[in-house]
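protein_27.cif follows (mmCIF, C-alpha atoms):
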```
data_start
loop_
_atom_site.label_atom_id
_atom_site.label_comp_id
_atom_site.auth_asym_id
_atom_site.auth_seq_id
_atom_site.Cartn_x
_atom_site.Cartn_y
_atom_site.Cartn_z
CA MET W 1 1.30 5.13 -3.05
CA ALA W 2 2.48 6.31 -6.42
CA ASN W 3 5.26 8.85 -6.00
CA TYR W 4 4.21 11.21 -8.76
CA ASN W 5 1.61 13.89 -9.30
CA SER W 6 1.41 14.23 -13.09
CA GLN W 7 -2.07 14.40 -14.58
CA ASP W 8 -0.88 12.66 -17.75
CA SER W 9 -3.15 9.80 -18.82
CA VAL W 10 -0.60 7.22 -17.70
CA THR W 11 -1.12 8.32 -14.10
CA LYS W 12 -4.90 8.61 -14.08
CA LYS W 13 -6.40 6.78 -11.17
CA MET W 14 -8.33 4.29 -13.27
CA GLY W 15 -6.02 1.39 -12.65
CA LEU W 16 -5.13 -0.53 -15.78
CA LEU W 17 -8.58 -0.47 -17.35
CA HIS W 18 -8.54 1.09 -20.78
CA THR W 19 -11.35 3.60 -20.40
CA GLU W 20 -12.32 5.98 -17.65
CA GLU W 21 -15.93 5.01 -18.27
CA LEU W 22 -15.28 1.34 -17.44
CA TYR W 23 -13.35 2.24 -14.29
CA LYS W 24 -16.14 4.63 -13.28
CA TYR W 25 -18.63 1.80 -13.77
CA LEU W 26 -16.56 -0.50 -11.54
CA LEU W 27 -16.30 2.11 -8.80
CA GLU W 28 -19.92 3.24 -8.89
CA THR W 29 -21.35 -0.28 -9.13
CA SER W 30 -19.21 -2.30 -6.73
CA VAL W 31 -16.82 -0.10 -4.76
CA TYR W 32 -18.40 3.19 -3.70
CA PRO W 33 -21.73 1.67 -2.54
CA ARG W 34 -19.80 -0.54 -0.07
CA GLU W 35 -17.15 1.98 0.97
CA PRO W 36 -17.50 2.90 4.67
CA GLU W 37 -18.59 6.50 5.08
CA LEU W 38 -15.44 7.59 6.93
CA LEU W 39 -13.20 5.99 4.30
CA LYS W 40 -15.13 7.93 1.68
CA GLU W 41 -14.63 11.11 3.70
CA LEU W 42 -10.89 10.51 3.94
CA ARG W 43 -10.66 9.71 0.22
CA GLU W 44 -12.47 12.91 -0.67
CA LEU W 45 -10.35 14.94 1.75
CA THR W 46 -7.19 13.50 0.19
CA ALA W 47 -8.41 14.18 -3.36
CA SER W 48 -7.90 17.92 -2.85
CA HIS W 49 -4.22 17.45 -1.92
CA PRO W 50 -1.56 18.05 -4.63
CA LEU W 51 -0.11 14.56 -4.02
CA SER W 52 -3.45 12.75 -3.99
CA MET W 53 -2.15 10.21 -6.52
CA MET W 54 -0.14 8.73 -3.64
CA SER W 55 -3.28 7.38 -2.01
CA THR W 56 -4.36 3.75 -2.35
CA ALA W 57 -6.95 3.29 -5.10
CA PRO W 58 -10.41 2.54 -3.68
CA ASP W 59 -10.85 -0.66 -5.71
CA ALA W 60 -7.52 -1.98 -4.43
CA GLY W 61 -8.55 -0.86 -0.95
CA GLN W 62 -11.77 -2.85 -1.15
CA PHE W 63 -9.77 -5.95 -2.08
CA LEU W 64 -7.34 -5.38 0.80
CA ALA W 65 -10.18 -4.99 3.27
CA MET W 66 -11.65 -8.34 2.23
CA LEU W 67 -8.24 -10.01 2.41
CA LEU W 68 -7.70 -8.62 5.92
CA LYS W 69 -11.07 -9.87 7.09
CA LEU W 70 -10.30 -13.32 5.70
CA ILE W 71 -6.95 -13.66 7.48
CA SER W 72 -7.87 -11.64 10.60
CA PRO W 73 -4.32 -10.45 11.43
CA LYS W 74 -3.62 -9.16 14.93
CA SER W 75 -0.15 -7.70 14.33
CA THR W 76 0.52 -5.73 11.16
CA ILE W 77 3.05 -3.35 9.62
CA GLU W 78 2.32 -0.56 7.16
CA VAL W 79 5.24 1.03 5.31
CA GLY W 80 4.05 4.28 3.77
CA VAL W 81 0.97 5.95 5.23
CA TYR W 82 0.37 9.29 3.45
CA THR W 83 -3.02 10.57 4.69
CA GLY W 84 -4.05 7.14 5.93
CA TYR W 85 -6.64 5.70 3.52
CA SER W 86 -5.10 2.22 3.55
CA LEU W 87 -4.27 2.62 7.24
CA LEU W 88 -7.89 3.39 8.11
CA LEU W 89 -9.25 0.52 6.05
CA THR W 90 -6.76 -1.80 7.75
CA ALA W 91 -7.75 -0.56 11.20
CA LEU W 92 -11.42 -1.04 10.35
CA SER W 93 -10.80 -4.57 9.02
CA ILE W 94 -8.55 -6.18 11.63
CA PRO W 95 -9.84 -7.52 14.98
CA GLU W 96 -10.56 -5.14 17.85
CA ASN W 97 -7.33 -6.21 19.58
CA GLY W 98 -5.29 -5.89 16.40
CA LYS W 99 -2.36 -3.49 16.13
CA ILE W 100 -0.72 -1.64 13.23
CA MET W 101 2.83 -0.33 13.26
CA ALA W 102 2.51 2.50 10.72
CA ILE W 103 5.76 4.00 9.40
CA ASP W 104 6.04 7.14 7.30
CA VAL W 105 8.49 10.01 6.90
CA SER W 106 5.71 12.61 7.14
CA ARG W 107 3.62 13.11 10.25
CA GLU W 108 2.10 16.15 8.52
CA TYR W 109 0.33 14.02 5.92
CA TYR W 110 -0.75 11.46 8.53
CA GLU W 111 -2.28 14.21 10.65
CA MET W 112 -4.40 15.34 7.69
CA GLY W 113 -6.37 12.12 8.02
CA LEU W 114 -6.04 11.66 11.77
CA PRO W 115 -9.30 13.43 12.70
CA VAL W 116 -11.19 10.96 10.50
CA ILE W 117 -9.30 8.03 12.02
CA LYS W 118 -10.19 9.28 15.50
CA ARG W 119 -13.86 9.59 14.63
CA ALA W 120 -13.77 6.02 13.30
CA GLY W 121 -12.75 4.92 16.80
CA VAL W 122 -9.66 2.98 15.68
CA GLU W 123 -6.78 5.27 16.68
CA HIS W 124 -5.95 2.92 19.56
CA LYS W 125 -4.96 0.24 17.03
CA ILE W 126 -2.29 2.43 15.44
CA ASP W 127 1.31 3.07 16.50
CA PHE W 128 2.50 5.79 14.10
CA ILE W 129 6.27 6.17 13.73
CA GLU W 130 7.66 9.15 11.85
CA SER W 131 10.80 7.75 10.27
CA GLU W 132 12.43 6.15 7.28
CA ALA W 133 11.26 2.55 7.34
CA VAL W 134 14.54 0.63 7.00
CA PRO W 135 15.97 1.79 10.37
CA VAL W 136 12.69 0.93 12.13
CA LEU W 137 12.57 -2.54 10.58
CA ASP W 138 16.24 -3.09 11.43
CA GLN W 139 15.59 -2.03 15.02
CA LEU W 140 12.77 -4.58 15.24
CA LEU W 141 15.12 -7.28 13.98
CA GLU W 142 17.64 -6.51 16.71
CA HIS W 143 15.25 -8.36 19.01
CA PRO W 144 14.93 -12.02 17.95
CA GLY W 145 11.49 -12.23 19.50
CA ASN W 146 10.14 -9.98 16.73
CA GLU W 147 11.06 -12.47 14.00
CA GLY W 148 7.86 -14.03 12.75
CA GLY W 149 5.92 -11.73 15.06
CA PHE W 150 3.73 -10.08 12.43
CA ASP W 151 0.81 -11.53 10.49
CA PHE W 152 0.51 -9.00 7.69
CA ALA W 153 2.36 -6.11 6.05
CA PHE W 154 1.35 -3.54 3.45
CA VAL W 155 4.01 -1.58 1.56
CA ASP W 156 3.16 1.58 -0.38
CA ALA W 157 6.26 3.74 -0.22
CA ASP W 158 9.43 4.58 -2.17
CA LYS W 159 9.76 1.97 -4.91
CA GLU W 160 13.55 1.97 -4.92
CA ASN W 161 13.50 0.51 -1.39
CA TYR W 162 10.87 -2.17 -1.91
CA TRP W 163 13.39 -5.00 -2.03
CA ASN W 164 15.09 -3.70 1.12
CA TYR W 165 11.71 -3.79 2.82
CA HIS W 166 11.02 -7.25 1.43
CA GLU W 167 14.19 -8.78 2.84
CA ARG W 168 13.36 -7.48 6.30
CA LEU W 169 9.69 -8.37 6.13
CA MET W 170 10.59 -11.94 5.19
CA LYS W 171 12.00 -12.20 8.71
CA LEU W 172 9.38 -10.15 10.55
CA VAL W 173 6.26 -11.66 8.99
CA LYS W 174 5.50 -15.20 10.10
CA VAL W 175 5.48 -18.24 7.83
CA GLY W 176 1.96 -18.25 6.44
CA GLY W 177 1.73 -14.47 6.81
CA ILE W 178 0.97 -12.04 3.99
CA VAL W 179 2.91 -9.10 2.54
CA VAL W 180 1.19 -6.86 -0.03
CA TYR W 181 3.05 -4.45 -2.31
CA ASP W 182 1.26 -1.56 -4.03
CA ASN W 183 2.06 0.02 -7.43
CA THR W 184 3.66 -3.10 -8.88
CA LEU W 185 2.54 -2.20 -12.41
CA TRP W 186 3.60 1.45 -12.02
CA GLY W 187 1.02 3.07 -14.26
CA GLY W 188 1.59 0.47 -16.95
CA THR W 189 5.15 1.70 -17.55
CA VAL W 190 6.59 -1.73 -16.74
CA ILE W 191 5.85 -2.77 -20.34
CA MET W 192 7.05 0.47 -21.92
CA GLU W 193 10.47 1.29 -23.26
CA GLU W 194 12.21 3.65 -20.87
CA GLU W 195 12.20 6.54 -23.33
CA SER W 196 8.43 6.16 -23.78
CA SER W 197 7.67 6.71 -20.10
CA LEU W 198 7.60 10.06 -18.35
CA GLU W 199 10.99 10.98 -16.96
CA ILE W 200 9.58 11.38 -13.45
CA LEU W 201 8.36 7.76 -13.56
CA ARG W 202 11.59 6.17 -14.80
CA PRO W 203 13.34 5.47 -11.47
CA GLY W 204 10.19 3.86 -10.10
CA ARG W 205 9.67 1.96 -13.35
CA ALA W 206 13.16 0.46 -13.22
CA ALA W 207 12.84 -0.44 -9.53
CA THR W 208 9.42 -2.00 -10.07
CA ILE W 209 10.58 -4.13 -12.99
CA GLU W 210 13.44 -5.48 -10.88
CA LEU W 211 11.14 -6.04 -7.90
CA ASN W 212 8.64 -8.01 -9.97
CA LYS W 213 11.40 -10.25 -11.33
CA ALA W 214 12.82 -10.80 -7.85
CA LEU W 215 9.45 -11.58 -6.28
CA ALA W 216 8.64 -14.06 -9.03
CA ALA W 217 11.93 -15.86 -8.36
CA ASP W 218 11.80 -15.76 -4.54
CA PRO W 219 11.36 -19.32 -3.19
CA ARG W 220 10.27 -18.00 0.21
CA ILE W 221 6.88 -16.87 -1.08
CA GLU W 222 3.83 -17.68 -3.15
CA ILE W 223 2.63 -14.68 -5.15
CA SER W 224 -0.35 -13.32 -7.01
CA GLN W 225 -0.11 -10.06 -8.93
CA VAL W 226 -3.51 -8.43 -9.31
CA PRO W 227 -4.35 -5.58 -11.76
CA LEU W 228 -6.30 -3.48 -9.26
CA GLY W 229 -5.45 0.17 -8.78
CA ASP W 230 -1.87 0.56 -9.92
CA GLY W 231 -1.18 -3.16 -9.54
CA ILE W 232 -0.81 -4.99 -6.23
CA THR W 233 1.22 -8.09 -5.49
CA ILE W 234 0.18 -10.40 -2.68
CA CYS W 235 2.97 -12.53 -1.20
CA ARG W 236 2.40 -15.42 1.19
CA ARG W 237 5.50 -16.43 3.09
CA ILE W 238 6.05 -20.19 2.91
CA HIS W 239 9.64 -20.45 4.23
#
```

For this file, produce the structure as structure tokens.
Amino acid sequence: MANYNSQDSVTKKMGLLHTEELYKYLLETSVYPREPELLKELRELTASHPLSMMSTAPDAGQFLAMLLKLISPKSTIEVGVYTGYSLLLTALSIPENGKIMAIDVSREYYEMGLPVIKRAGVEHKIDFIESEAVPVLDQLLEHPGNEGGFDFAFVDADKENYWNYHERLMKLVKVGGIVVYDNTLWGGTVIMEEESSLEILRPGRAATIELNKALAADPRIEISQVPLGDGITICRRIH
């Protein structure tokens, strides 16, 4: 969920590929033909919103869906929901008895996509909480039984808080569980000089650079950073 809405080329939703034509080829050849119809509907509905750049990229979403089906998590957390594209793909990918604790500050955006989620028949898997995420995660940690109680987490929210989320998720997600962070290449600005990046992107750029360094040095996890969408980092908790 990229927290910007500029139409500058650095923010175009073509991931880190160098041409729109190549990204279009990837989407039209491998992603869109396999995208579930209701996910497509939600993506197209979101595209008309002024903050549509906050949505998970469909190529990254396809990867997440496959990852979820491989690990088959039954208890998951999503930090940052927006209109629910990643939430819907998670709900479609986890087992029938799986549950998602979905946290976002805006119920309004969530309710934009809710009719599609309902028609997909997966609303029963979702517990939506309208709140800042840190207090919710802290409340979970007040109960020792919640430690290690989650199999998977996806974070696509305010970049400045990613490390705060990480510290809490390292307690909530079980050893062997997976945490995925979105936007970890932040439109490619992580390799730019600060003055070369758009001013609106600079706080997120600085936070993302620090996050990437910290994740790479964290002995509690194994990581793989993948250049899909705006960059996603997959963390497997090992301690």

Picked residues, the PyMOL selection byres ((chain W and resi 34) around 12), as a list in words
Leu26, Leu27, Glu28, Thr29, Ser30, Val31, Tyr32, Pro33, Glu35, Pro36, Glu37, Leu38, Leu39, Lys40, Pro58, Asp59, Gly61, Gln62, Phe63, Ala65 and Met66 of chain W

Write out, as a short mmCIF file (atom, residue, chain, number, x, y, z; two decimals), keeping the file's coordinate frame, the residues just selected, with C-alpha atoms.
```
data_model
loop_
_atom_site.label_atom_id
_atom_site.label_comp_id
_atom_site.auth_asym_id
_atom_site.auth_seq_id
_atom_site.Cartn_x
_atom_site.Cartn_y
_atom_site.Cartn_z
CA LEU W 26 -16.56 -0.50 -11.54
CA LEU W 27 -16.30 2.11 -8.80
CA GLU W 28 -19.92 3.24 -8.89
CA THR W 29 -21.35 -0.28 -9.13
CA SER W 30 -19.21 -2.30 -6.73
CA VAL W 31 -16.82 -0.10 -4.76
CA TYR W 32 -18.40 3.19 -3.70
CA PRO W 33 -21.73 1.67 -2.54
CA GLU W 35 -17.15 1.98 0.97
CA PRO W 36 -17.50 2.90 4.67
CA GLU W 37 -18.59 6.50 5.08
CA LEU W 38 -15.44 7.59 6.93
CA LEU W 39 -13.20 5.99 4.30
CA LYS W 40 -15.13 7.93 1.68
CA PRO W 58 -10.41 2.54 -3.68
CA ASP W 59 -10.85 -0.66 -5.71
CA GLY W 61 -8.55 -0.86 -0.95
CA GLN W 62 -11.77 -2.85 -1.15
CA PHE W 63 -9.77 -5.95 -2.08
CA ALA W 65 -10.18 -4.99 3.27
CA MET W 66 -11.65 -8.34 2.23
#
```

If the PyMOL selection byres ((chain W and resi 89-98) around 12) is run on the structure shown, which residues does it catch, given as a compact mmCIF listing (two decimals) with C-alpha atoms, in the coordinates of the input?
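Output file part-v3.txt follows:
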```
# COMPACT_ATOMS: atom_id res chain seq x y z
CA GLU W 35 -17.15 1.98 0.97
CA PRO W 36 -17.50 2.90 4.67
CA GLU W 37 -18.59 6.50 5.08
CA LEU W 38 -15.44 7.59 6.93
CA LEU W 39 -13.20 5.99 4.30
CA LYS W 40 -15.13 7.93 1.68
CA LEU W 42 -10.89 10.51 3.94
CA ARG W 43 -10.66 9.71 0.22
CA THR W 56 -4.36 3.75 -2.35
CA ALA W 57 -6.95 3.29 -5.10
CA PRO W 58 -10.41 2.54 -3.68
CA ASP W 59 -10.85 -0.66 -5.71
CA ALA W 60 -7.52 -1.98 -4.43
CA GLY W 61 -8.55 -0.86 -0.95
CA GLN W 62 -11.77 -2.85 -1.15
CA PHE W 63 -9.77 -5.95 -2.08
CA LEU W 64 -7.34 -5.38 0.80
CA ALA W 65 -10.18 -4.99 3.27
CA MET W 66 -11.65 -8.34 2.23
CA LEU W 67 -8.24 -10.01 2.41
CA LEU W 68 -7.70 -8.62 5.92
CA LYS W 69 -11.07 -9.87 7.09
CA LEU W 70 -10.30 -13.32 5.70
CA ILE W 71 -6.95 -13.66 7.48
CA SER W 72 -7.87 -11.64 10.60
CA PRO W 73 -4.32 -10.45 11.43
CA LYS W 74 -3.62 -9.16 14.93
CA SER W 75 -0.15 -7.70 14.33
CA THR W 76 0.52 -5.73 11.16
CA ILE W 77 3.05 -3.35 9.62
CA GLU W 78 2.32 -0.56 7.16
CA VAL W 81 0.97 5.95 5.23
CA THR W 83 -3.02 10.57 4.69
CA GLY W 84 -4.05 7.14 5.93
CA TYR W 85 -6.64 5.70 3.52
CA SER W 86 -5.10 2.22 3.55
CA LEU W 87 -4.27 2.62 7.24
CA LEU W 88 -7.89 3.39 8.11
CA LYS W 99 -2.36 -3.49 16.13
CA ILE W 100 -0.72 -1.64 13.23
CA MET W 101 2.83 -0.33 13.26
CA ALA W 102 2.51 2.50 10.72
CA VAL W 116 -11.19 10.96 10.50
CA ILE W 117 -9.30 8.03 12.02
CA LYS W 118 -10.19 9.28 15.50
CA ARG W 119 -13.86 9.59 14.63
CA ALA W 120 -13.77 6.02 13.30
CA GLY W 121 -12.75 4.92 16.80
CA VAL W 122 -9.66 2.98 15.68
CA GLU W 123 -6.78 5.27 16.68
CA HIS W 124 -5.95 2.92 19.56
CA LYS W 125 -4.96 0.24 17.03
CA ILE W 126 -2.29 2.43 15.44
CA ASP W 127 1.31 3.07 16.50
CA PHE W 150 3.73 -10.08 12.43
CA ASP W 151 0.81 -11.53 10.49
CA PHE W 152 0.51 -9.00 7.69
CA ALA W 153 2.36 -6.11 6.05
CA PHE W 154 1.35 -3.54 3.45
```

**Study point:** Result set, the PyMOL selection byres ((chain W and resi 155) around 7) on current file, as a list in words
**Key:**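 What the PyMOL selection byres ((chain W and resi 155) around 7) grabs from the file is Glu78, Val79, Gly80, Ala153, Phe154, Asp156, Ala157, Val180, Tyr181 and Asp182 of chain W.
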
field: Best match for closeness to Gly204 of chain W among W:Leu45, W:Glu160, W:Arg220, W:Tyr165, counting all atoms listed in the file
entry: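 When distances to Gly204 of chain W are compared using all atoms listed in the file, the smallest one comes from W:Glu160.
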
Exercise: residues within 12 Å of coordinate (4.3, 12.9, 8.7), counting all atoms listed in the file, as a CSV table (one decimal) with C-alpha atoms, in the coordinates of the input:
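Generated output (point05.csv):
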```csv
chain,number,residue,atom,x,y,z
W,80,GLY,CA,4.0,4.3,3.8
W,81,VAL,CA,1.0,6.0,5.2
W,82,TYR,CA,0.4,9.3,3.4
W,83,THR,CA,-3.0,10.6,4.7
W,84,GLY,CA,-4.0,7.1,5.9
W,102,ALA,CA,2.5,2.5,10.7
W,103,ILE,CA,5.8,4.0,9.4
W,104,ASP,CA,6.0,7.1,7.3
W,105,VAL,CA,8.5,10.0,6.9
W,106,SER,CA,5.7,12.6,7.1
W,107,ARG,CA,3.6,13.1,10.2
W,108,GLU,CA,2.1,16.2,8.5
W,109,TYR,CA,0.3,14.0,5.9
W,110,TYR,CA,-0.8,11.5,8.5
W,111,GLU,CA,-2.3,14.2,10.6
W,112,MET,CA,-4.4,15.3,7.7
W,113,GLY,CA,-6.4,12.1,8.0
W,114,LEU,CA,-6.0,11.7,11.8
W,128,PHE,CA,2.5,5.8,14.1
W,129,ILE,CA,6.3,6.2,13.7
W,130,GLU,CA,7.7,9.2,11.8
W,131,SER,CA,10.8,7.8,10.3
W,132,GLU,CA,12.4,6.2,7.3
```

Students should find that atom CA of Leu185 of chain W and atom CA of Leu211 of chain W are spaced 10.4 Å

With only C-alpha atoms as the counted atoms, please give the residues lying no more than 9 Å from segment 229-237 of chain W, apart from itself and same-chain residues fewer than 2 positions off, as a ChimeraX atom specification. /W:1-2,11,13-16,56-61,170,173-188,212,215,220-227,239

For Lys171 of chain W: contacts at 10 Å, all atoms listed in the file, fewer than 5 positions along chain excluded, given as a PDB file with C-alpha atoms, in the frame of the given file:
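around14.pdb, freshly written:
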```pdb
ATOM      1  CA  LEU W 137      12.570  -2.540  10.580  1.00  0.00           C
ATOM      2  CA  LEU W 141      15.120  -7.280  13.980  1.00  0.00           C
ATOM      3  CA  PRO W 144      14.930 -12.020  17.950  1.00  0.00           C
ATOM      4  CA  ASN W 146      10.140  -9.980  16.730  1.00  0.00           C
ATOM      5  CA  GLU W 147      11.060 -12.470  14.000  1.00  0.00           C
ATOM      6  CA  GLY W 148       7.860 -14.030  12.750  1.00  0.00           C
ATOM      7  CA  GLY W 149       5.920 -11.730  15.060  1.00  0.00           C
ATOM      8  CA  PHE W 150       3.730 -10.080  12.430  1.00  0.00           C
ATOM      9  CA  HIS W 166      11.020  -7.250   1.430  1.00  0.00           C
ATOM     10  CA  ARG W 237       5.500 -16.430   3.090  1.00  0.00           C
ATOM     11  CA  HIS W 239       9.640 -20.450   4.230  1.00  0.00           C
TER      12      HIS W 239
END
```

Next on the checklist: Could you tell me how far atom CA of Leu140 of chain W sits from atom CA of Ala216 of chain W, in Å to one decimal place?
Outcome noted: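 For atom CA of Ala216 of chain W relative to atom CA of Leu140 of chain W, the distance reads 26.4 Å.
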
- Message: Between atom CA of Gln139 of chain W and atom CA of Asp158 of chain W, what is the distance in Å, rounded to a tenth?
- Response: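 We find that atom CA of Gln139 of chain W and atom CA of Asp158 of chain W lie 19.4 Å from each other.
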
- Counting all atoms listed in the file, the option among W:Thr19, W:Ile238, W:Val136, W:Asp218 closest to Glu167 of chain W: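 Smallest separation from Glu167 of chain W among the options: W:Asp218.
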
| message | Let me make sure I understand: among W:Leu172, W:Tyr23, W:Ser48, W:Asn164, which one has the smallest atom-to-atom distance to Ala214 of chain W if we use all atoms listed in the file? | response |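 Looking at the shortest contact to Ala214 of chain W, the residue is W:Asn164.
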
I need the residue nearest Glu142 of chain W from this list: W:Lys213, W:Arg168, W:Lys24, W:Arg202. Use only C-alpha atoms for the distance.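 Of W:Lys213, W:Arg168, W:Lys24, W:Arg202, the one nearest Glu142 of chain W is W:Arg168, counting only C-alpha atoms.
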
Write out as a JSON list (two decimals) with C-alpha atoms, keeping the file's coordinate frame the residues lying within 12 Å of Glu193 of chain W, counting only C-alpha atoms and excluding same-chain residues fewer than 6 positions away.
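What follows is the written file selection-v2.json:
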```
[["chain", "number", "residue", "atom", "x", "y", "z"],
["W", 199, "GLU", "CA", 10.99, 10.98, -16.96],
["W", 201, "LEU", "CA", 8.36, 7.76, -13.56],
["W", 202, "ARG", "CA", 11.59, 6.17, -14.80],
["W", 205, "ARG", "CA", 9.67, 1.96, -13.35],
["W", 206, "ALA", "CA", 13.16, 0.46, -13.22],
["W", 209, "ILE", "CA", 10.58, -4.13, -12.99]]
```
